[in-house]
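As provided, start.tsv (TSV, C-alpha atoms) reads as follows.
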chain	number	residue	atom	x	y	z
J	188	MET	CA	106.40	-0.86	96.79
J	189	TRP	CA	102.65	-1.50	96.72
J	190	THR	CA	101.85	-5.20	96.32
J	191	PRO	CA	98.81	-6.56	94.44
J	192	ARG	CA	96.82	-9.00	96.53
J	193	ASN	CA	97.60	-12.18	94.62
J	194	ILE	CA	101.36	-11.69	94.28
J	195	LYS	CA	102.27	-12.89	97.77
J	196	GLN	CA	100.63	-16.27	97.29
J	197	GLN	CA	102.38	-16.81	93.97
J	198	CYS	CA	105.78	-16.09	95.54
J	199	ASP	CA	105.40	-18.64	98.33
J	200	ASN	CA	106.90	-21.40	96.19
J	201	GLU	CA	109.94	-19.34	95.21
J	202	LYS	CA	113.17	-19.13	97.17
J	203	PHE	CA	114.27	-15.63	98.20
J	204	ASP	CA	117.51	-16.03	100.17
J	205	LYS	CA	119.95	-13.34	99.02
J	206	PHE	CA	119.96	-10.64	101.73
J	207	ILE	CA	120.60	-6.95	101.11
J	208	GLY	CA	120.84	-4.90	104.31
J	209	SER	CA	118.88	-1.64	104.21
J	210	PRO	CA	117.60	-0.75	107.71
J	211	LEU	CA	114.85	1.84	108.10
J	212	TYR	CA	112.71	2.82	111.08
J	213	SER	CA	109.71	5.14	111.12
J	214	PHE	CA	106.98	6.13	113.56
J	215	SER	CA	103.85	8.15	112.83
J	216	SER	CA	100.83	9.29	114.79
J	217	GLU	CA	97.58	10.95	113.74
J	218	ARG	CA	94.25	12.15	115.04
J	219	HIS	CA	91.08	11.44	113.04
J	220	ARG	CA	87.51	12.54	113.33
J	221	LYS	CA	84.96	9.86	112.59
J	222	SER	CA	84.67	10.81	108.92
J	223	GLU	CA	88.45	10.68	108.44
J	224	VAL	CA	89.00	7.10	109.60
J	225	ASN	CA	87.90	5.79	106.19
J	226	ASP	CA	90.64	7.75	104.45
J	227	TYR	CA	93.26	6.56	106.92
J	228	LEU	CA	92.32	2.89	106.54
J	229	GLN	CA	92.22	3.23	102.78
J	230	SER	CA	95.84	4.39	102.82
J	231	LEU	CA	96.99	1.20	104.57
J	232	GLU	CA	98.38	-1.74	102.63
J	233	VAL	CA	97.64	-4.35	105.29
J	234	GLU	CA	94.90	-6.93	104.91
J	235	GLY	CA	91.71	-7.02	106.96
J	236	LYS	CA	91.25	-3.26	107.19
J	237	VAL	CA	87.64	-3.48	105.96
J	238	SER	CA	86.66	-5.56	108.98
J	239	VAL	CA	88.25	-2.90	111.20
J	240	LEU	CA	86.10	-0.20	109.61
J	241	MET	CA	82.99	-2.31	110.15
J	242	GLY	CA	83.91	-2.75	113.79
J	243	LEU	CA	84.49	0.96	114.30
J	244	ALA	CA	81.21	1.84	112.62
J	245	ALA	CA	79.33	-0.73	114.70
J	246	ALA	CA	80.85	0.50	117.96
J	247	SER	CA	80.02	4.09	117.10
J	248	ALA	CA	76.46	3.18	116.12
J	249	ARG	CA	75.89	1.27	119.36
J	250	TYR	CA	77.23	4.14	121.42
J	251	GLY	CA	75.00	6.57	119.54
J	252	HIS	CA	71.95	4.76	120.89
J	253	HIS	CA	73.02	4.81	124.54
J	254	GLU	CA	70.72	6.86	126.74
J	255	GLU	CA	73.60	8.83	128.27
J	256	THR	CA	74.77	10.05	124.86
J	257	SER	CA	74.20	13.73	124.12
J	258	SER	CA	75.01	16.08	121.27
J	259	LYS	CA	78.07	17.14	123.23
J	260	GLN	CA	79.74	13.77	122.70
J	261	GLU	CA	81.85	12.94	119.67
J	262	VAL	CA	83.86	9.92	118.56
J	263	ILE	CA	87.52	10.48	117.74
J	264	SER	CA	90.27	8.07	116.72
J	265	LEU	CA	93.98	8.24	117.45
J	266	SER	CA	96.32	6.09	115.39
J	267	SER	CA	100.00	5.29	115.56
J	268	SER	CA	102.13	3.05	113.39
J	269	VAL	CA	105.65	1.69	113.66
J	270	PHE	CA	107.64	0.38	110.72
J	271	ALA	CA	111.02	-1.32	111.01
J	272	ARG	CA	112.81	-2.68	107.94
J	273	LYS	CA	115.89	-4.85	108.13
J	274	GLY	CA	116.50	-5.09	104.39
J	275	PHE	CA	115.49	-7.02	101.29
J	276	LEU	CA	115.57	-10.63	100.12
J	277	SER	CA	116.11	-11.33	96.43
J	278	ALA	CA	115.43	-14.57	94.58
J	279	SER	CA	117.96	-17.32	93.98
J	280	LYS	CA	117.11	-17.48	90.30
J	281	GLU	CA	117.37	-14.49	87.99
J	282	THR	CA	113.68	-13.74	87.54
J	283	VAL	CA	110.46	-14.54	89.37
J	284	LEU	CA	107.39	-13.86	87.25
J	285	CYS	CA	103.93	-13.32	88.74
J	286	SER	CA	100.62	-12.10	87.35
J	287	ASP	CA	97.50	-10.38	88.61
J	288	LYS	CA	94.42	-9.10	86.75
J	289	GLY	CA	96.08	-9.49	83.37
J	290	MET	CA	99.31	-7.74	84.44
J	291	SER	CA	102.67	-9.52	84.53
J	292	PHE	CA	105.35	-8.53	87.05
J	293	TYR	CA	108.92	-9.45	87.83
J	294	VAL	CA	109.47	-9.74	91.58
J	295	ASP	CA	112.89	-8.19	92.22
J	296	SER	CA	112.93	-8.51	96.01
J	297	ILE	CA	110.92	-8.73	99.21
J	298	GLU	CA	111.10	-6.16	102.00
J	299	ILE	CA	111.46	-7.83	105.42
J	300	GLY	CA	110.93	-6.47	108.91
J	301	MET	CA	107.97	-5.71	111.16
J	302	GLU	CA	105.04	-3.32	111.09
J	303	GLU	CA	102.43	-2.56	113.73
J	304	ILE	CA	99.40	-0.27	113.67
J	305	LEU	CA	97.31	0.84	116.62
J	306	ILE	CA	93.94	2.62	116.33
J	307	VAL	CA	92.12	3.70	119.47
J	308	SER	CA	88.61	5.13	119.06
J	309	MET	CA	86.79	6.73	121.95
J	310	ALA	CA	84.02	9.14	122.86
J	311	HIS	CA	84.69	12.34	124.75
J	312	LYS	CA	82.79	15.46	125.73
J	313	ARG	CA	82.81	17.91	122.86
J	314	ASP	CA	82.51	21.16	124.77
J	315	GLU	CA	85.46	20.56	127.09
J	316	ARG	CA	87.79	23.02	125.44
J	317	LYS	CA	90.80	21.95	127.46
J	318	ILE	CA	90.63	18.38	126.20
J	319	LYS	CA	90.00	19.36	122.60
J	320	ASP	CA	92.86	21.86	122.53
J	321	ASN	CA	95.31	19.44	124.12
J	322	ILE	CA	94.42	16.65	121.70
J	323	GLU	CA	94.52	18.83	118.60
J	324	VAL	CA	97.73	20.70	119.49
J	325	LYS	CA	99.79	18.00	121.15
J	326	VAL	CA	98.96	15.49	118.44
J	327	GLN	CA	101.32	17.44	116.21
J	328	VAL	CA	104.29	16.36	118.36
J	329	PHE	CA	106.11	13.65	116.43
J	330	PHE	CA	106.45	11.02	119.14
J	331	PHE	CA	103.18	11.47	121.01
J	332	THR	CA	101.65	8.34	122.50
J	333	ILE	CA	97.99	7.46	122.43
J	334	SER	CA	98.10	6.50	126.10
J	335	SER	CA	99.24	10.03	127.03
J	336	LYS	CA	96.20	11.45	125.26
J	337	MET	CA	93.96	8.98	127.07
J	338	GLU	CA	95.53	9.98	130.39
J	339	ASN	CA	94.83	13.62	129.58
J	340	ILE	CA	91.16	12.85	128.93
J	341	GLN	CA	91.01	10.76	132.10
J	342	GLN	CA	92.31	13.68	134.18
J	343	SER	CA	90.31	16.42	132.48
J	344	SER	CA	86.95	14.86	131.68
J	345	SER	CA	84.17	13.68	133.94
J	346	GLN	CA	82.31	12.20	130.97
J	347	ARG	CA	83.93	9.46	128.92
J	348	GLY	CA	82.38	6.88	126.63
J	349	PHE	CA	83.38	3.57	125.09
J	350	VAL	CA	86.92	2.78	123.96
J	351	ARG	CA	87.70	0.48	121.04
J	352	ILE	CA	91.23	-0.77	120.36
J	353	ASP	CA	92.29	-2.16	116.96
J	354	HIS	CA	95.83	-3.51	116.72
J	355	TYR	CA	97.57	-4.93	113.65
J	356	SER	CA	100.86	-6.82	113.70
J	357	SER	CA	102.68	-8.06	110.61
J	358	LYS	CA	103.90	-10.96	112.73
J	359	THR	CA	100.41	-12.50	112.68
J	360	GLY	CA	99.09	-10.65	109.63
J	361	LYS	CA	95.83	-10.06	111.50
J	362	TRP	CA	93.91	-7.35	113.31
J	363	GLU	CA	92.86	-7.87	116.91
J	364	GLU	CA	90.12	-5.77	118.44
J	365	LYS	CA	88.88	-5.13	121.96
J	366	GLU	CA	86.04	-2.96	123.22
J	367	PHE	CA	85.67	-1.40	126.66
J	368	ASN	CA	82.55	0.20	128.12
J	369	VAL	CA	82.31	3.45	130.08
J	370	ASP	CA	83.37	1.80	133.36
J	371	GLN	CA	86.46	0.12	131.88
J	372	TYR	CA	88.49	3.17	130.87
J	373	LYS	CA	91.43	2.26	133.14
J	374	GLU	CA	91.57	-1.24	131.68
J	375	ALA	CA	91.57	0.21	128.16
J	376	LEU	CA	94.39	2.58	129.08
J	377	THR	CA	96.46	-0.30	130.48
J	378	GLU	CA	95.91	-2.32	127.29
J	379	VAL	CA	97.06	0.61	125.12
J	380	GLN	CA	100.16	1.14	127.26
J	381	GLN	CA	101.14	-2.51	126.87
J	382	ILE	CA	100.72	-2.41	123.08
J	383	GLU	CA	102.72	0.83	122.82
J	384	GLU	CA	105.55	-0.67	124.86
J	385	GLN	CA	105.63	-3.60	122.45
J	386	MET	CA	105.60	-1.27	119.43
J	387	HIS	CA	108.47	0.84	120.73
J	388	GLY	CA	110.69	-2.24	120.94
J	389	ILE	CA	110.22	-3.31	117.33
J	390	ALA	CA	113.48	-1.85	116.01
J	391	ASN	CA	115.56	-4.00	118.38
J	392	ILE	CA	113.45	-7.08	117.67
J	393	VAL	CA	113.95	-6.72	113.91
J	394	ARG	CA	117.68	-6.22	114.31
J	395	GLU	CA	118.06	-9.41	116.35
J	396	THR	CA	115.58	-11.68	114.52
J	397	PRO	CA	116.87	-14.08	111.81
J	398	ASN	CA	115.90	-13.06	108.29
J	399	ASP	CA	113.75	-16.10	107.62
J	400	GLU	CA	111.62	-15.36	110.69
J	401	LEU	CA	110.75	-11.77	109.78
J	402	SER	CA	107.53	-10.69	108.08
J	403	HIS	CA	107.40	-10.16	104.33
J	404	LEU	CA	106.16	-6.58	104.28
J	405	ARG	CA	106.12	-5.51	100.63
J	406	TYR	CA	107.25	-6.85	97.29
J	407	VAL	CA	109.38	-4.82	94.90
J	408	LEU	CA	107.73	-5.31	91.50
J	409	ARG	CA	108.75	-4.46	87.97
J	410	PRO	CA	106.05	-4.65	85.26
J	411	CYS	CA	106.81	-6.64	82.13
J	412	VAL	CA	107.22	-4.60	78.97
J	413	LYS	CA	104.25	-6.26	77.27
J	414	THR	CA	101.81	-5.08	79.97
J	415	ILE	CA	103.45	-1.90	81.26
J	416	ASN	CA	101.00	0.35	79.39
J	417	HIS	CA	98.17	-1.04	81.52
J	418	ILE	CA	99.67	0.14	84.84
J	419	PRO	CA	97.44	3.26	85.21
J	420	LEU	CA	94.28	1.22	84.56
J	421	PHE	CA	95.49	-1.54	86.86
J	422	ASN	CA	96.00	0.96	89.71
J	423	ASP	CA	92.65	2.62	89.07
J	424	LEU	CA	90.89	-0.74	89.16
J	425	TYR	CA	92.34	-1.66	92.54
J	426	ASP	CA	91.63	1.84	93.85
J	427	ALA	CA	87.96	1.49	92.86
J	428	ILE	CA	87.76	-1.93	94.54
J	429	ASN	CA	89.32	-0.54	97.71
J	430	ARG	CA	86.96	2.44	97.86
J	431	LEU	CA	83.91	0.31	97.19
J	432	GLU	CA	84.86	-2.12	99.96
J	433	MET	CA	84.97	0.83	102.37
J	434	VAL	CA	81.52	2.05	101.34
J	435	ILE	CA	80.08	-1.45	101.75
J	436	ALA	CA	81.69	-1.83	105.18
J	437	ASN	CA	79.95	1.33	106.38
J	438	LEU	CA	76.60	0.40	104.86
J	439	LYS	CA	76.61	-3.02	106.51
J	440	VAL	CA	76.29	-1.20	109.81
J	441	THR	CA	74.44	2.01	109.02
J	442	SER	CA	72.04	1.21	106.16
J	443	LYS	CA	68.73	-0.64	106.27
J	444	ASP	CA	68.31	-0.58	102.48
J	445	THR	CA	69.08	-4.19	101.52
J	446	ALA	CA	68.46	-3.53	97.83
J	447	GLU	CA	71.12	-0.82	97.77
J	448	PHE	CA	73.50	-3.07	99.67
J	449	GLU	CA	73.02	-5.96	97.23
J	450	GLN	CA	73.58	-3.62	94.31
J	451	LEU	CA	76.92	-2.54	95.77
J	452	GLU	CA	78.03	-6.11	96.47
J	453	ASN	CA	77.18	-7.13	92.90
J	454	LEU	CA	79.21	-4.21	91.61
J	455	LEU	CA	82.14	-5.25	93.81
J	456	CYS	CA	81.99	-8.82	92.48
J	457	THR	CA	82.05	-7.45	88.93
J	458	LEU	CA	85.12	-5.31	89.64
J	459	GLN	CA	86.96	-8.18	91.32
J	460	SER	CA	86.41	-10.39	88.28
J	461	LEU	CA	87.82	-7.85	85.82
J	462	THR	CA	91.29	-7.79	84.27
J	463	VAL	CA	93.03	-4.95	82.45
J	464	GLU	CA	91.98	-6.57	79.16
J	465	ASN	CA	88.24	-6.36	79.81
J	466	CYS	CA	88.20	-3.18	81.90
J	467	SER	CA	88.04	0.43	80.70
J	468	ARG	CA	88.66	3.93	82.03
J	469	GLU	CA	85.04	4.78	81.34
J	470	LEU	CA	83.84	1.92	83.56
J	471	ILE	CA	86.16	2.91	86.40
J	472	ALA	CA	85.06	6.55	86.15
J	473	GLU	CA	81.41	5.48	86.33
J	474	VAL	CA	82.08	3.30	89.38
J	475	LYS	CA	83.88	6.12	91.18
J	476	ARG	CA	81.00	8.48	90.40
J	477	LYS	CA	78.57	6.00	91.96
J	478	ILE	CA	80.83	5.64	95.01
J	479	ARG	CA	80.84	9.40	95.52
J	480	ASN	CA	77.05	9.45	95.36
J	481	TRP	CA	76.74	6.64	97.91
J	482	LYS	CA	79.11	8.40	100.30
J	483	THR	CA	77.19	11.68	100.21

Go ahead and express the file in the form of structure tokens.
Amino acid sequence: MWTPRNIKQQCDNEKFDKFIGSPLYSFSSERHRKSEVNDYLQSLEVEGKVSVLMGLAAASARYGHHEETSSKQEVISLSSSVFARKGFLSASKETVLCSDKGMSFYVDSIEIGMEEILIVSMAHKRDERKIKDNIEVKVQVFFFTISSKMENIQQSSSQRGFVRIDHYSSKTGKWEEKEFNVDQYKEALTEVQQIEEQMHGIANIVRETPNDELSHLRYVLRPCVKTINHIPLFNDLYDAINRLEMVIANLKVTSKDTAEFEQLENLLCTLQSLTVENCSRELIAEVKRKIRNWKT
């Protein structure tokens, strides 16, 4: 179901109007420590996630320099996502052919529906065992809400820090972010509650919305026979690009070494210009080795 970045643009001129009903609804929620947010964002297929990581890193860095910050404070992130699929649209003509990085694909259908992601990052007092236990244990409950965790912290903690809210909606295809300082915790909680209420109503919205007004979530692709052998290399290339973008996003905020930063950006430009014809497993392995070194 994963869609290469250039496929969507190439399909804009094609007509997909044959509907196949296949409803699906899912909800997930997770807790992340600061170091785990990278992995969570990397798993997302939505656009703009690198800018979200930069924003989270910047907020955390700013908070780390506040005078009231102590070693007992830590930054955690809570995320929830809602996915509602109505079905698939297939093309009017028999085959739609698209290409990306030297690979050719047939586009069999487009998944339609809505998807929303909410990430709330905040600082809390590390040694308050009650808060930590409640967050870590209750987060395992399938339908927990982020606002309930924030309410728990509000009731149990006398020391709270900044709150940053990142919200993605497939309806706009964009991330929206808001930051709240120490004195605006109640306002942040209200904002989260409003977003969660909106997210919980997505299934009904998708069911009642006309097909041509729903978001195109993912494209069902079938590689052409002539390029199918390049699929593993193609996936590895995009994986390396994705990982490198994450490293660069962090360094933009945390590193003062401009030479290192320029070296990474040049490497990213090189990867983005490659196709499966002029790429190799050895090159990808070398890039991933460098990425591991930069992350440590």

| field | Among listed residues J:Tyr355, J:Trp362, J:Phe349, J:Phe421, nearest J:Val262 (using only C-alpha atoms) | value |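 The shortest atom-to-atom distance to J:Val262 comes from J:Phe349.
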
| said: I'd like the interatomic distance between atom CA of J:Cys466 and atom CA of J:Thr414, to a tenth of an Å. | reply: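 A separation of 13.9 Å between them.
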
| J:Lys361, J:Arg409, J:Lys221, J:Arg476 ranked by distance to J:Ile304, top pick (using all atoms listed in the file) | J:Lys361

Find the spatial neighbours of stretch 269-280 of chain J, counting all atoms listed in the file, within a cut-off of 7 Å - ignore same-chain residues fewer than 6 positions away - and output them as an mmCIF file with C-alpha atoms, keeping the file's coordinate frame.
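The resulting file, out.cif, is reproduced below:
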data_model
loop_
_atom_site.group_PDB
_atom_site.id
_atom_site.type_symbol
_atom_site.label_atom_id
_atom_site.label_comp_id
_atom_site.auth_asym_id
_atom_site.auth_seq_id
_atom_site.Cartn_x
_atom_site.Cartn_y
_atom_site.Cartn_z
ATOM 1 C CA LYS J 202 113.170 -19.130 97.170
ATOM 2 C CA PHE J 203 114.270 -15.630 98.200
ATOM 3 C CA ASP J 204 117.510 -16.030 100.170
ATOM 4 C CA LYS J 205 119.950 -13.340 99.020
ATOM 5 C CA PHE J 206 119.960 -10.640 101.730
ATOM 6 C CA ILE J 207 120.600 -6.950 101.110
ATOM 7 C CA GLY J 208 120.840 -4.900 104.310
ATOM 8 C CA SER J 209 118.880 -1.640 104.210
ATOM 9 C CA PRO J 210 117.600 -0.750 107.710
ATOM 10 C CA LEU J 211 114.850 1.840 108.100
ATOM 11 C CA TYR J 212 112.710 2.820 111.080
ATOM 12 C CA SER J 213 109.710 5.140 111.120
ATOM 13 C CA PHE J 214 106.980 6.130 113.560
ATOM 14 C CA SER J 215 103.850 8.150 112.830
ATOM 15 C CA ASP J 295 112.890 -8.190 92.220
ATOM 16 C CA SER J 296 112.930 -8.510 96.010
ATOM 17 C CA ILE J 297 110.920 -8.730 99.210
ATOM 18 C CA GLU J 298 111.100 -6.160 102.000
ATOM 19 C CA ILE J 299 111.460 -7.830 105.420
ATOM 20 C CA GLY J 300 110.930 -6.470 108.910
ATOM 21 C CA MET J 301 107.970 -5.710 111.160
ATOM 22 C CA GLU J 302 105.040 -3.320 111.090
ATOM 23 C CA GLU J 303 102.430 -2.560 113.730
ATOM 24 C CA ILE J 304 99.400 -0.270 113.670
ATOM 25 C CA MET J 386 105.600 -1.270 119.430
ATOM 26 C CA ILE J 389 110.220 -3.310 117.330
ATOM 27 C CA ALA J 390 113.480 -1.850 116.010
ATOM 28 C CA VAL J 393 113.950 -6.720 113.910
ATOM 29 C CA ARG J 394 117.680 -6.220 114.310
#

| said: Using only C-alpha atoms, can you tell me which of J:Leu424, J:Asn416, J:Val350, J:Glu201 comes closest to J:Leu455? | reply: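 Nearest to J:Leu455: J:Leu424.
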
| said: From the options J:Gly235, J:Pro410, J:Tyr372, J:Gln342, which residue's atoms come nearest to J:Tyr293, counting all atoms listed in the file? | reply: J:Pro410

| When distances are computed from only C-alpha atoms, which of J:Gln385, J:Asn437, J:Ser264, J:Asn422 shows the smallest separation from J:Ile471? |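 Among J:Gln385, J:Asn437, J:Ser264, J:Asn422, it is J:Asn422 that comes nearest to J:Ile471.
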